[in-house]
Each structure stands twice: as structure tokens, then as C-alpha cells.
$ cat coords.txt   # compact mmCIF, C-alpha atoms and all ligand atoms
# COMPACT_ATOMS: atom_id res chain seq x y z
CA MET T 1 -112.02 73.15 99.82
CA LYS T 2 -109.40 71.13 98.01
CA LEU T 3 -109.81 73.25 94.91
CA ARG T 4 -109.52 76.46 96.96
CA ARG T 5 -106.28 75.26 98.51
CA TRP T 6 -104.79 74.55 95.07
CA ILE T 7 -105.82 77.96 93.88
CA VAL T 8 -104.07 79.56 96.86
CA VAL T 9 -100.93 77.43 96.40
CA GLY T 10 -100.93 78.23 92.69
CA ALA T 11 -101.28 81.94 93.35
CA VAL T 12 -98.43 81.88 95.87
CA ALA T 13 -96.24 79.92 93.47
CA LEU T 14 -96.94 82.32 90.63
CA ALA T 15 -96.20 85.28 92.86
CA THR T 16 -92.92 83.66 93.97
CA VAL T 17 -91.81 82.96 90.41
CA GLY T 18 -92.70 86.51 89.50
CA THR T 19 -90.67 87.86 92.40
CA LEU T 20 -87.67 85.62 91.61
CA ASN T 21 -87.70 86.71 88.00
CA SER T 22 -87.66 90.33 88.97
CA LEU T 23 -84.96 89.89 91.63
CA PRO T 24 -81.53 91.32 90.84
CA ALA T 25 -78.68 88.81 90.33
CA SER T 26 -77.36 89.64 93.77
CA ALA T 27 -80.39 88.34 95.67
CA GLY T 28 -79.63 87.54 99.29
CA GLY T 29 -76.60 89.86 99.24
CA GLN T 30 -74.46 87.29 97.42
CA PRO T 31 -73.53 88.14 93.85
CA ARG T 32 -73.59 85.18 91.47
CA PRO T 33 -70.18 83.45 91.39
CA ALA T 34 -69.46 84.73 87.89
CA ASP T 35 -70.02 88.29 89.11
CA GLN T 36 -67.59 87.96 92.01
CA SER T 37 -64.00 89.13 91.88
CA LEU T 38 -61.00 86.80 91.77
CA ARG T 39 -60.01 87.99 95.22
CA ALA T 40 -63.43 87.16 96.68
CA LEU T 41 -63.52 83.75 95.04
CA GLY T 42 -59.98 82.96 96.21
CA MET T 43 -60.89 83.64 99.84
CA ARG T 44 -63.13 80.56 100.06
CA HIS T 45 -59.86 78.61 99.75
CA ASP T 46 -57.84 81.08 101.87
CA LEU T 47 -55.93 81.62 98.66
CA TYR T 48 -54.59 85.11 97.98
CA ILE T 49 -54.83 86.17 94.36
CA GLY T 50 -52.10 88.68 93.58
CA THR T 51 -50.68 90.83 90.83
CA ALA T 52 -47.41 92.61 90.16
CA VAL T 53 -48.04 96.34 90.12
CA ASP T 54 -46.50 98.84 87.72
CA MET T 55 -46.43 102.05 89.78
CA ALA T 56 -46.47 104.33 86.73
CA ALA T 57 -49.71 102.71 85.57
CA LEU T 58 -51.20 102.77 89.08
CA ASN T 59 -50.59 106.52 89.25
CA ASP T 60 -51.67 107.38 85.72
CA PRO T 61 -54.87 109.47 85.87
CA ALA T 62 -55.45 108.74 82.17
CA ASP T 63 -55.61 105.01 82.92
CA PRO T 64 -58.13 104.70 85.79
CA GLN T 65 -59.12 101.11 84.99
CA TYR T 66 -55.69 99.84 85.96
CA ARG T 67 -55.99 101.18 89.49
CA GLN T 68 -59.60 100.09 89.77
CA LEU T 69 -58.83 96.49 88.79
CA VAL T 70 -55.75 96.16 91.03
CA GLY T 71 -57.94 97.10 93.98
CA SER T 72 -61.05 95.15 93.08
CA GLN T 73 -59.69 91.87 91.68
CA PHE T 74 -56.61 91.19 93.80
CA SER T 75 -55.99 90.48 97.47
CA SER T 76 -52.20 90.66 97.24
CA VAL T 77 -49.76 92.95 95.43
CA THR T 78 -46.09 92.75 94.46
CA ALA T 79 -43.99 95.71 93.32
CA GLU T 80 -42.98 94.91 89.74
CA ASN T 81 -39.87 97.09 90.02
CA VAL T 82 -39.91 99.66 92.83
CA MET T 83 -38.55 97.43 95.62
CA LYS T 84 -35.55 96.36 93.56
CA TRP T 85 -32.12 97.58 94.66
CA GLU T 86 -31.58 100.03 91.76
CA SER T 87 -34.90 101.70 92.60
CA LEU T 88 -34.46 101.77 96.38
CA GLU T 89 -30.83 102.90 96.52
CA PRO T 90 -29.89 104.53 93.21
CA THR T 91 -27.10 106.47 94.94
CA ARG T 92 -25.06 104.79 97.62
CA GLY T 93 -26.51 105.54 101.04
CA THR T 94 -29.49 107.47 99.71
CA TYR T 95 -32.72 105.53 99.77
CA ASN T 96 -35.73 106.37 97.67
CA TRP T 97 -38.62 104.79 99.57
CA GLY T 98 -41.37 106.90 97.98
CA PRO T 99 -42.88 104.62 95.30
CA ALA T 100 -42.61 101.46 97.40
CA ASP T 101 -44.19 103.18 100.41
CA GLN T 102 -46.95 104.36 98.12
CA LEU T 103 -47.69 100.78 97.10
CA ILE T 104 -47.76 99.68 100.73
CA ALA T 105 -50.23 102.49 101.55
CA TYR T 106 -52.38 101.53 98.55
CA ALA T 107 -52.40 97.90 99.71
CA LYS T 108 -53.43 98.90 103.20
CA GLN T 109 -56.26 101.02 101.86
CA ASN T 110 -57.47 98.13 99.76
CA ASN T 111 -57.03 95.49 102.43
CA GLN T 112 -54.35 93.64 100.45
CA ARG T 113 -51.29 91.70 101.52
CA VAL T 114 -47.87 92.55 100.10
CA ARG T 115 -45.21 90.25 98.66
CA GLY T 116 -41.83 91.93 98.97
CA HIS T 117 -39.79 91.61 95.78
CA VAL T 118 -36.81 91.39 95.90
CA LEU T 119 -33.85 91.48 98.33
CA VAL T 120 -31.04 89.66 96.51
CA TRP T 121 -30.97 89.34 92.74
CA HIS T 122 -28.28 89.76 90.09
CA ASN T 123 -30.46 92.04 87.93
CA GLN T 124 -31.47 95.66 88.44
CA LEU T 125 -28.57 96.36 90.78
CA PRO T 126 -27.49 100.00 91.11
CA GLY T 127 -24.60 101.13 88.93
CA TRP T 128 -22.50 102.29 91.92
CA LEU T 129 -22.48 98.70 93.20
CA THR T 130 -21.66 96.82 90.01
CA THR T 131 -19.11 99.44 88.93
CA GLY T 132 -17.46 99.45 92.35
CA VAL T 133 -17.03 95.68 92.23
CA ALA T 134 -15.83 95.74 88.63
CA ASP T 135 -13.17 98.41 89.21
CA GLY T 136 -11.99 96.82 92.47
CA SER T 137 -12.98 99.72 94.72
CA ILE T 138 -15.40 97.39 96.54
CA ASP T 139 -13.67 94.20 97.75
CA THR T 140 -15.30 90.93 98.85
CA ALA T 141 -15.48 91.78 102.55
CA GLU T 142 -17.07 95.14 101.81
CA LEU T 143 -19.50 93.60 99.33
CA ARG T 144 -20.72 91.18 101.99
CA ASP T 145 -21.20 94.09 104.40
CA ILE T 146 -23.07 96.03 101.74
CA LEU T 147 -25.41 93.11 101.14
CA ARG T 148 -26.06 92.58 104.85
CA ASN T 149 -26.68 96.28 105.29
CA HIS T 150 -29.07 96.40 102.30
CA ILE T 151 -31.14 93.46 103.51
CA THR T 152 -31.25 94.77 107.07
CA THR T 153 -32.18 98.31 106.07
CA VAL T 154 -34.87 97.30 103.58
CA VAL T 155 -36.48 94.58 105.69
CA LYS T 156 -36.52 96.85 108.76
CA HIS T 157 -38.02 99.71 106.75
CA PHE T 158 -40.96 97.53 105.70
CA LYS T 159 -41.10 95.53 108.94
CA GLY T 160 -44.60 94.32 109.76
CA LYS T 161 -45.91 95.30 106.32
CA ILE T 162 -44.65 92.43 104.20
CA TRP T 163 -46.34 89.02 104.18
CA GLN T 164 -43.81 87.14 102.04
CA TRP T 165 -40.33 88.34 101.08
CA ASP T 166 -38.55 87.06 97.98
CA VAL T 167 -35.22 86.96 99.79
CA VAL T 168 -33.15 85.34 97.06
CA ASN T 169 -34.24 85.35 93.43
CA GLU T 170 -33.02 83.21 90.52
CA ALA T 171 -29.78 81.95 92.08
CA VAL T 172 -29.64 78.83 89.89
CA SER T 173 -28.55 78.55 86.26
CA ASP T 174 -30.50 76.97 83.38
CA PRO T 175 -29.48 74.03 81.21
CA TRP T 176 -28.81 76.44 78.32
CA ASP T 177 -26.23 78.40 80.33
CA ASN T 178 -22.52 77.78 80.18
CA PRO T 179 -21.44 75.41 81.66
CA PRO T 180 -24.67 73.43 81.12
CA ALA T 181 -24.43 71.52 84.43
CA LEU T 182 -26.69 73.46 86.80
CA HIS T 183 -24.82 75.70 89.20
CA TYR T 184 -25.20 78.83 91.36
CA LYS T 185 -25.09 81.65 88.82
CA GLY T 186 -24.79 85.41 88.66
CA PHE T 187 -23.20 88.35 90.40
CA TRP T 188 -23.61 87.22 94.01
CA ALA T 189 -22.42 83.63 93.58
CA GLN T 190 -19.53 84.88 91.50
CA HIS T 191 -18.34 87.37 94.10
CA LEU T 192 -19.43 85.85 97.43
CA GLY T 193 -19.83 82.14 96.67
CA PRO T 194 -23.08 80.19 97.21
CA GLY T 195 -22.97 80.80 100.98
CA TYR T 196 -24.63 84.18 100.35
CA VAL T 197 -27.99 82.38 100.04
CA ALA T 198 -28.01 81.15 103.67
CA ASP T 199 -26.60 84.48 104.89
CA ALA T 200 -29.37 86.41 103.14
CA PHE T 201 -32.11 84.40 104.86
CA ARG T 202 -30.46 84.79 108.28
CA TRP T 203 -30.09 88.55 107.85
CA ALA T 204 -33.69 88.91 106.66
CA ARG T 205 -35.04 86.90 109.59
CA ALA T 206 -33.04 89.00 112.07
CA ALA T 207 -34.60 92.15 110.60
CA ASP T 208 -38.23 90.93 110.60
CA PRO T 209 -39.07 87.80 112.57
CA ASN T 210 -42.65 87.70 111.26
CA ALA T 211 -42.34 87.86 107.46
CA LEU T 212 -42.35 84.60 105.52
CA LEU T 213 -39.02 84.22 103.72
CA PHE T 214 -39.06 82.75 100.21
CA TYR T 215 -36.61 81.49 97.63
CA ASN T 216 -38.05 82.49 94.22
CA ASP T 217 -37.22 81.11 90.76
CA TYR T 218 -38.55 80.24 87.28
CA ASN T 219 -38.65 76.89 85.49
CA ILE T 220 -39.31 75.01 88.71
CA GLU T 221 -42.97 74.19 88.10
CA ALA T 222 -42.40 70.43 87.83
CA PHE T 223 -39.67 67.86 88.33
CA GLY T 224 -37.85 66.48 85.29
CA SER T 225 -35.12 63.85 85.16
CA GLY T 226 -34.46 63.99 88.89
CA ASN T 227 -30.79 64.68 88.17
CA PRO T 228 -29.78 68.00 89.78
CA ALA T 229 -27.21 68.51 87.01
CA ASP T 230 -30.00 69.14 84.47
CA ASP T 231 -33.28 69.25 86.45
CA LYS T 232 -33.61 72.76 87.90
CA THR T 233 -36.53 71.81 90.15
CA GLN T 234 -34.42 69.02 91.64
CA PHE T 235 -31.46 71.39 92.11
CA VAL T 236 -33.67 73.89 93.94
CA TYR T 237 -35.33 71.12 95.95
CA ASP T 238 -31.94 69.80 97.11
CA MET T 239 -30.82 73.34 97.92
CA VAL T 240 -33.85 74.25 100.07
CA LYS T 241 -33.78 70.84 101.76
CA ARG T 242 -30.17 71.48 102.75
CA LEU T 243 -31.02 74.96 103.94
CA ARG T 244 -33.84 73.60 106.12
CA ALA T 245 -31.66 70.79 107.45
CA THR T 246 -29.00 73.27 108.53
CA GLY T 247 -31.47 75.53 110.33
CA VAL T 248 -31.52 78.36 107.80
CA PRO T 249 -34.77 80.34 108.29
CA ILE T 250 -36.39 79.72 104.92
CA ASP T 251 -40.19 79.42 104.93
CA GLY T 252 -41.19 79.01 101.32
CA VAL T 253 -40.45 78.44 97.67
CA GLY T 254 -41.90 80.76 95.05
CA SER T 255 -42.44 79.26 91.65
CA GLN T 256 -42.61 82.14 89.20
CA GLY T 257 -44.72 80.44 86.54
CA HIS T 258 -43.57 82.25 83.39
CA LEU T 259 -44.91 79.88 80.74
CA GLY T 260 -45.28 79.99 76.96
CA THR T 261 -47.87 78.26 74.80
CA GLN T 262 -45.21 77.29 72.26
CA TYR T 263 -43.47 74.94 74.69
CA GLY T 264 -44.30 71.44 75.90
CA ASN T 265 -46.65 72.13 78.77
CA TYR T 266 -47.05 70.52 82.17
CA ASP T 267 -50.17 68.83 83.43
CA THR T 268 -51.89 69.74 86.67
CA LEU T 269 -50.90 66.65 88.64
CA GLN T 270 -47.20 67.01 87.73
CA VAL T 271 -47.24 70.55 89.05
CA ALA T 272 -49.24 69.57 92.13
CA ASP T 273 -46.69 66.85 92.84
CA ALA T 274 -43.84 69.38 92.82
CA LEU T 275 -45.74 71.70 95.18
CA GLU T 276 -46.47 68.79 97.51
CA ARG T 277 -42.85 67.72 97.58
CA PHE T 278 -41.77 71.20 98.61
CA GLY T 279 -44.63 71.22 101.12
CA ASP T 280 -43.39 67.92 102.58
CA LEU T 281 -40.14 69.69 103.46
CA GLY T 282 -42.20 71.94 105.72
CA LEU T 283 -42.16 74.81 103.23
CA ALA T 284 -44.97 77.00 102.02
CA THR T 285 -45.23 77.50 98.27
CA ALA T 286 -46.69 80.18 96.04
CA PHE T 287 -46.98 81.01 92.38
CA THR T 288 -45.37 84.39 92.26
CA GLU T 289 -45.14 85.70 88.67
CA VAL T 290 -47.59 83.80 86.48
CA ASP T 291 -48.06 84.72 82.85
CA VAL T 292 -48.45 82.59 79.73
CA ARG T 293 -47.13 84.20 76.58
CA SER T 294 -47.52 83.32 72.90
CA GLN T 295 -45.71 84.12 69.71
CA MET T 296 -47.18 87.10 67.89
CA THR T 297 -47.03 85.71 64.37
CA PRO T 298 -47.91 87.99 61.44
CA GLY T 299 -51.36 86.32 61.49
CA VAL T 300 -51.88 87.13 65.16
CA GLN T 301 -50.79 90.70 64.60
CA ALA T 302 -53.18 91.00 61.66
CA GLY T 303 -56.06 89.86 63.90
CA ASP T 304 -56.54 86.40 62.31
CA SER T 305 -58.84 84.56 64.73
CA ASN T 306 -57.65 81.17 63.42
CA GLU T 307 -54.28 82.01 64.92
CA ILE T 308 -55.39 84.00 67.93
CA ASN T 309 -58.01 81.63 69.36
CA PRO T 310 -55.78 78.59 69.90
CA ARG T 311 -53.26 80.82 71.66
CA LEU T 312 -55.86 82.30 73.98
CA GLN T 313 -57.14 78.80 74.75
CA ALA T 314 -53.67 77.39 75.37
CA SER T 315 -52.82 80.34 77.58
CA ALA T 316 -56.00 79.81 79.62
CA ALA T 317 -55.25 76.08 79.94
CA ASN T 318 -51.79 76.80 81.34
CA TYR T 319 -53.11 79.31 83.87
CA SER T 320 -55.53 76.63 84.91
CA VAL T 321 -52.83 73.98 85.34
CA LEU T 322 -50.89 76.19 87.75
CA LEU T 323 -53.94 77.41 89.65
CA GLN T 324 -55.52 73.97 90.05
CA ALA T 325 -52.21 72.56 91.30
CA CYS T 326 -51.96 75.41 93.79
CA LEU T 327 -55.54 74.87 94.95
CA LEU T 328 -54.85 71.18 95.49
CA SER T 329 -51.76 71.76 97.63
CA ARG T 330 -52.75 73.24 100.98
CA HIS T 331 -49.25 74.71 101.42
CA CYS T 332 -49.71 76.92 98.34
CA LEU T 333 -50.60 80.28 99.88
CA SER T 334 -50.95 82.64 96.95
CA PHE T 335 -51.30 82.83 93.19
CA THR T 336 -49.79 86.01 91.77
CA VAL T 337 -49.84 87.08 88.12
CA TRP T 338 -47.01 89.18 86.71
CA GLY T 339 -49.23 91.97 85.46
CA PHE T 340 -52.89 91.41 84.64
CA THR T 341 -53.37 93.30 81.38
CA ASP T 342 -51.61 93.11 78.01
CA ARG T 343 -51.56 96.92 78.17
CA HIS T 344 -48.88 96.71 80.87
CA SER T 345 -46.87 93.52 80.54
CA TRP T 346 -43.11 93.03 80.50
CA ILE T 347 -43.40 90.39 77.75
CA PRO T 348 -43.48 92.45 74.51
CA GLY T 349 -40.55 94.58 75.72
CA TRP T 350 -38.49 91.52 76.57
CA PHE T 351 -39.31 88.97 73.87
CA ASP T 352 -39.19 90.85 70.60
CA ASN T 353 -37.50 88.45 68.21
CA PRO T 354 -39.81 86.77 67.44
CA PRO T 355 -42.32 89.03 69.14
CA GLU T 356 -44.38 87.54 71.95
CA GLY T 357 -47.40 88.74 73.87
CA LEU T 358 -51.01 87.92 74.88
CA ALA T 359 -49.65 86.71 78.22
CA THR T 360 -52.06 88.14 80.79
CA LEU T 361 -55.67 87.81 82.01
CA TYR T 362 -57.06 90.97 80.36
CA ASP T 363 -56.45 92.33 76.88
CA GLU T 364 -55.05 95.79 76.16
CA ASN T 365 -58.51 97.33 76.56
CA TYR T 366 -59.15 95.66 79.91
CA GLN T 367 -61.52 93.09 78.46
CA PRO T 368 -61.24 89.83 80.41
CA LYS T 369 -59.79 87.08 78.23
CA ARG T 370 -60.51 83.38 78.29
CA ALA T 371 -57.67 82.97 80.81
CA TYR T 372 -59.52 85.25 83.23
CA GLN T 373 -62.77 83.29 82.89
CA THR T 374 -60.93 80.00 83.32
CA VAL T 375 -59.14 81.15 86.46
CA LYS T 376 -62.47 82.34 87.81
CA ALA T 377 -64.18 79.06 86.98
CA ASP T 378 -61.39 77.10 88.69
CA LEU T 379 -61.91 79.12 91.86
CA ILE T 380 -65.66 78.59 91.66
CA PHE T 381 -65.65 74.86 91.05
CA ALA T 382 -62.88 73.86 93.48
CA GLY T 383 -63.87 72.58 96.89
CA ALA T 384 -63.99 69.70 99.33
CA PRO T 385 -63.05 66.92 99.60
CA HIS T 386 -59.85 67.46 97.61
CA VAL T 387 -59.49 71.22 97.68
CA LEU T 388 -59.39 72.48 101.26
CA PRO T 389 -58.37 75.83 102.75
CA ARG T 390 -54.68 76.68 103.00
CA ILE T 391 -52.59 75.60 105.99
CA PRO T 392 -51.27 78.79 107.58
CA GLN T 393 -47.47 78.99 107.60
CA LYS T 394 -45.56 80.29 110.62
CA PRO T 395 -42.12 81.83 110.12
CA ARG T 396 -39.36 79.43 111.03
CA ARG T 397 -37.26 80.71 113.97
O1 LIG T 401 -36.64 102.83 84.74
C1 LIG T 401 -36.21 102.90 83.36
C2 LIG T 401 -36.69 104.16 82.74
O2 LIG T 401 -36.06 105.25 83.40
C3 LIG T 401 -36.34 104.14 81.24
O3 LIG T 401 -36.89 105.24 80.62
C4 LIG T 401 -36.91 102.88 80.59
C5 LIG T 401 -36.50 102.76 79.12
O4 LIG T 401 -36.50 101.42 78.70
O5 LIG T 401 -36.42 101.76 81.26
C6 LIG T 401 -36.81 101.73 82.61
O6 LIG T 401 -36.34 100.57 83.21
C7 LIG T 401 -37.00 99.37 82.84
C8 LIG T 401 -37.58 98.76 84.12
O7 LIG T 401 -38.13 97.49 83.82
C9 LIG T 401 -38.66 99.63 84.75
O8 LIG T 401 -39.71 99.82 83.87
C10 LIG T 401 -35.98 98.44 82.23
O9 LIG T 401 -35.56 98.95 80.98
C11 LIG T 401 -36.58 97.06 82.03
O10 LIG T 401 -35.55 96.17 81.66
C12 LIG T 401 -37.17 96.58 83.36
O11 LIG T 401 -37.74 95.31 83.11
C13 LIG T 401 -38.15 94.59 84.25
C14 LIG T 401 -37.35 93.30 84.35
O12 LIG T 401 -37.80 92.54 85.47
C15 LIG T 401 -35.86 93.59 84.50
O13 LIG T 401 -35.14 92.48 84.82
C16 LIG T 401 -39.62 94.25 84.11
O14 LIG T 401 -40.39 95.46 84.14
C17 LIG T 401 -40.06 93.33 85.23
O15 LIG T 401 -41.36 92.85 84.95
C18 LIG T 401 -39.12 92.12 85.30
O16 LIG T 401 -39.53 91.32 86.39
C19 LIG T 401 -38.80 90.11 86.60
C20 LIG T 401 -38.87 89.77 88.07
O17 LIG T 401 -38.43 90.87 88.84
C21 LIG T 401 -38.07 88.52 88.40
N1 LIG T 401 -38.46 87.41 87.57
C22 LIG T 401 -38.50 87.66 86.15
C23 LIG T 401 -39.36 88.89 85.85
C24 LIG T 401 -39.50 89.09 84.38
O18 LIG T 401 -38.24 89.42 83.83

$ encode --input "coords.txt" --output "C-alpha cells" --more "lines below"
Ligand code: G3I
Amino acid sequence: MKLRRWIVVGAVALATVGTLNSLPASAGGQPRPADQSLRALGMRHDLYIGTAVDMAALNDPADPQYRQLVGSQFSSVTAENVMKWESLEPTRGTYNWGPADQLIAYAKQNNQRVRGHVLVWHNQLPGWLTTGVADGSIDTAELRDILRNHITTVVKHFKGKIWQWDVVNEAVSDPWDNPPALHYKGFWAQHLGPGYVADAFRWARAADPNALLFYNDYNIEAFGSGNPADDKTQFVYDMVKRLRATGVPIDGVGSQGHLGTQYGNYDTLQVADALERFGDLGLATAFTEVDVRSQMTPGVQAGDSNEINPRLQASAANYSVLLQACLLSRHCLSFTVWGFTDRHSWIPGWFDNPPEGLATLYDENYQPKRAYQTVKADLIFAGAPHVLPRIPQKPRR
């Protein structure tokens, strides 16, 4: 009797092992973590994983993988260029909504959220505007009206379709600018004074009460000296604290996250501390434009793995620092990369002396790089008790 029972148990066990071995990886309807997309893995933390989208690449029938990966890997999209002023209003009074509307439709189809980028920035302004100001045909009062009108028109056009707006982008100088003491820089501060920042948020809120309104900048991943004259994070912190204290409807701070492996790098807890300090002001945070570039030395360009491997590893480590910090801070709502493939990245076109590159998650042939696997592993391994789902942010009235 005993022996018979063991024979039966043994037979069942053997049959079970046999079945398990022949089961596909997705047994029980759940693909193995490593086979899941970034967007699926992010959702366990309520974290949206986003990418900037190059509309020419999205629409290129010869490059189908680009479109396929935007839809499958990401739960949030940002227009890399087509929502900028020069694209939306190339001729005064004539708006070209086509490409931006196309991105919104694509996002809807793919169940993605949209970060609106960007309402007020000193770059990629239309020629009619900068020329008009330069030749005096547009005076200060008119310029302020033009800005209010632009924000109102654009935010109303996309009303209800944008999750987070980058309302003001890169308003603060860097220590290498002249004068070196940090200050409000660029076209808008020069012509309207720093008050334009508060105005822009008020105008945006009036046009869409439900979108989250962000200030967005680079080099604000971690605090430095604590002196706002040379610590950009401190300068931005003081600025948004003042804005909150005076009732300006700002909901979040976007940290762009453009890093380079050749620089001194931050550690995770330093970055998490900065996110928490912004969070303590009642603000949401987000990484909005992450990429980690490297110098393309002659060795790298010749394919020398001794030179390439450390760069790929350092790039992955920096992605991980930003993502882990974001996971740890429950106010950090999204993690967006500024392009996901080296085939379409702004880096080589921008940094060409010395040349830089290798900044994204996939190589030029859409092969996932170490950075991709590391980001994925971070999303897999994070969890309670220290990593908990995001705290939803309500727009400030
Ligand atoms: O549209 C013209 C096209 O007609 C022309 O043939 C071509 C020739 O070079 O240029 C095209 O314009 C380029 C535009 O991207 C659209 O592709 C500009 O030259 C080029 O300078 C512009 O670069 C963009 C850059 O912002 C401009 O400031 C990058 O693609 C874009 O990734 C980058 O994004 C910014 C964020 O908005 C803000 N934070 C920094 C980030 C990186 O600079």
C-alpha cells in the first residue's frame, strides 16, 4: 500500500515536472519579468516610463521598429520638437497643429500619457518673434501679450490631453555663464524680467485647470554648495518655494537628467534627497529628458571594446542612479528618456567637438544596451517597504 502510494506520487511528480518543462515562459498569463516591457514593469510602481518622440522617425515607413518600440515600451510620450513655438506658429497667427495632434492621437491609440513640451523657452522661437523684438517692431507690452496669447492658445488647444506641461524651461543660468553668479537668463528674462515665470504658470492654469504644471531644467539632479549663487538646484529650489508661497499654480519640477559619463557622477541617495526636498514643498517631480552620453574617442569609433564597455557600464549606472532615486521618492511621477535609440538622438548633432554619443537605451540597430537591462532590472527588483506606489498629484488651484 505504502509502496503503491509512493509510486503514484512519483508518477504525478514526474508528470508535473514534465509539464512545467514544456510550459512556455508565459505560464499563467504572466510573462517572466525579463520579458515584460518597461511600461508594464513601471506600472507596479505607478511610474510612467516615457520617451521623447521624433515625429519624422515615428512616421518613417522604412524604420518600423521605432514606432513599434515607442508604443510597446513606453507609457508616456513627449514631443521632442513639434510642440515648440517655432513648430506650432512658424508664421505669426498661423498655427500648424498637425504633427503635435498626430502625436496626441498616437498616444491615445497606445494608451499613453502625454507630457507637453514646451510653453516658454528661449530656444526654438519663431523668427518673426525674435526679429520683431530685435528691430523694435514688437515692444515690451506687446511681447507680454504675445506670450499670454501663445500660452492660452496652445494650452486650450490641447486641453484635457496633456498630463504634465513644461510651462517654463531652463530659465536659470549655469555657473559657466557670464556673469557667473546664477541669474534668470535668456530672451524672456531679458525682455520681460523674471516676473514672466509666475505669469506663465497663471496663464497656463487659466487655460487648463487639470494639467499638472511643471518648471523644467537641467543640472538640478542634486544639491551642491547650498549657495544659490553657484548651486543651480538651490536656486531653482528657492525659486519654486517662492512661487508656491505666493500662490502661483506650479505643481511640479522636472529634472531633465542629461548626464555624461565623463563627469563626476551623483549617487542615488543624493539624487533621492533632492527629489524629496522638492516633494516636501508639495511639488511633484519627474525625470523628463534622461540620457547619459559618452565621448566617442577614436577607439570607441573603431569598435575597441576596451573603450566601449566601460562607457556602456557607466551609462547604465547613471540611468540607474536617476531611476532608483525616482522610485524611492513617491512624488516622482514619471521617468522619461530623451530618445531611446542611438539611431535618433540629439547628442551626436549637438556635441561634435569632441564627438559624443552612446547616450540612449538601445543602440543604432535597436539592440537593447546594458542601460536598458539595468533600467529593467531596477523596475523588477524595486518594491516594498521602501519603494511604494506614487502619490497622485492634484493640480494646485
Ligand atoms: O527643422 C529643421 C529642418 O528643417 C532642417 O533641415 C534641419 C537641419 O539641421 O534642422 C531642423 O531643425 C533641428 C530641430 O532640432 C528639429 O530636428 C535643429 O537644427 C536642431 O537644433 C534641433 O535640435 C533640438 C534641440 O532641442 C534644439 O534646442 C533637438 O532635436 C532636441 O532634442 C533638443 O531638445 C532639448 C529640449 O527641448 C530642452 N532641453 C534640452 C534638450 C536637448 O537640447

$ residues_near_ligand --input "coords.txt" --ligand "ligand LIG 401 (chain T)" --cutoff "9 Å" --atoms "all atoms listed in the file" --output "PyMOL selection string"
chain T and resi 52+54+56+79-82+84+87+117-118+121+123-124+169-170+216-218+256+258+288-289+338-339+345-347+349-350

$ closest_residue --input "coords.txt" --among "T:Leu41, T:Met83, T:Ile138, T:Ile162" --to "Lys108 of chain T" --atoms "only C-alpha atoms"
T:Ile162

$ closest_residue --input "coords.txt" --among "T:Val387, T:Val300, T:Leu125, T:Leu333" --to "Ile49 of chain T" --atoms "all atoms listed in the file"
T:Leu333

$ residues_around --input "coords.txt" --residues "Gly132 of chain T" --least-positions-apart "5" --cutoff "12 Å" --atoms "all atoms listed in the file" --output "PDB file with C-alpha atoms, in the frame of the given file"
ATOM      1  CA  ARG T  92     -25.060 104.790  97.620  1.00  0.00           C
ATOM      2  CA  LEU T 125     -28.570  96.360  90.780  1.00  0.00           C
ATOM      3  CA  PRO T 126     -27.490 100.000  91.110  1.00  0.00           C
ATOM      4  CA  GLY T 127     -24.600 101.130  88.930  1.00  0.00           C
ATOM      5  CA  SER T 137     -12.980  99.720  94.720  1.00  0.00           C
ATOM      6  CA  ILE T 138     -15.400  97.390  96.540  1.00  0.00           C
ATOM      7  CA  ASP T 139     -13.670  94.200  97.750  1.00  0.00           C
ATOM      8  CA  THR T 140     -15.300  90.930  98.850  1.00  0.00           C
ATOM      9  CA  GLU T 142     -17.070  95.140 101.810  1.00  0.00           C
ATOM     10  CA  LEU T 143     -19.500  93.600  99.330  1.00  0.00           C
ATOM     11  CA  ILE T 146     -23.070  96.030 101.740  1.00  0.00           C
TER      12      ILE T 146
END

$ residues_around --input "coords.txt" --residues "Ala181 of chain T" --least-positions-apart "6" --cutoff "10 Å" --atoms "only C-alpha atoms" --output "PyMOL selection string"
chain T and resi 173-175+228-232

$ write_last_selection --input "coords.txt" --atoms "C-alpha atoms" --output "short mmCIF file (atom, residue, chain, number, x, y, z; two decimals), in the coordinates of the input"
data_model
loop_
_atom_site.label_atom_id
_atom_site.label_comp_id
_atom_site.auth_asym_id
_atom_site.auth_seq_id
_atom_site.Cartn_x
_atom_site.Cartn_y
_atom_site.Cartn_z
CA SER T 173 -28.55 78.55 86.26
CA ASP T 174 -30.50 76.97 83.38
CA PRO T 175 -29.48 74.03 81.21
CA PRO T 228 -29.78 68.00 89.78
CA ALA T 229 -27.21 68.51 87.01
CA ASP T 230 -30.00 69.14 84.47
CA ASP T 231 -33.28 69.25 86.45
CA LYS T 232 -33.61 72.76 87.90
#

$ closest_atom_pairs --input "coords.txt" --of "segment 180-260 of chain T" --to "segment 271-274 of chain T" --cutoff "10 Å" --atoms "all atoms listed in the file" --output "JSON lines"
{"residue": "T:Ile220", "atom": "CA", "partner": "T:Ala274", "partner_atom": "CA", "distance": 8.3}
{"residue": "T:Glu221", "atom": "CA", "partner": "T:Val271", "partner_atom": "CA", "distance": 5.7}
{"residue": "T:Ala222", "atom": "CA", "partner": "T:Val271", "partner_atom": "CA", "distance": 5.0}
{"residue": "T:Phe223", "atom": "CA", "partner": "T:Ala274", "partner_atom": "CA", "distance": 6.3}
{"residue": "T:Thr233", "atom": "CA", "partner": "T:Ala274", "partner_atom": "CA", "distance": 8.2}
{"residue": "T:Gln234", "atom": "CA", "partner": "T:Ala274", "partner_atom": "CA", "distance": 9.5}
{"residue": "T:Tyr237", "atom": "CA", "partner": "T:Ala274", "partner_atom": "CA", "distance": 9.2}

$ closest_residue --input "coords.txt" --among "T:His386, T:Ala141, T:Gly98, T:Val375" --to "Leu192 of chain T" --atoms "all atoms listed in the file"
T:Ala141

$ residues_around --input "coords.txt" --residues "Pro310 of chain T" --least-positions-apart "4" --cutoff "12 Å" --atoms "only C-alpha atoms" --output "ChimeraX atom specification"
/T:261-262,294-295,300,304-306,314-317,358,370-371

$ write_last_selection --input "coords.txt" --atoms "C-alpha atoms" --output "compact mmCIF listing (two decimals), keeping the file's coordinate frame"
# COMPACT_ATOMS: atom_id res chain seq x y z
CA THR T 261 -47.87 78.26 74.80
CA GLN T 262 -45.21 77.29 72.26
CA SER T 294 -47.52 83.32 72.90
CA GLN T 295 -45.71 84.12 69.71
CA VAL T 300 -51.88 87.13 65.16
CA ASP T 304 -56.54 86.40 62.31
CA SER T 305 -58.84 84.56 64.73
CA ASN T 306 -57.65 81.17 63.42
CA ALA T 314 -53.67 77.39 75.37
CA SER T 315 -52.82 80.34 77.58
CA ALA T 316 -56.00 79.81 79.62
CA ALA T 317 -55.25 76.08 79.94
CA LEU T 358 -51.01 87.92 74.88
CA ARG T 370 -60.51 83.38 78.29
CA ALA T 371 -57.67 82.97 80.81
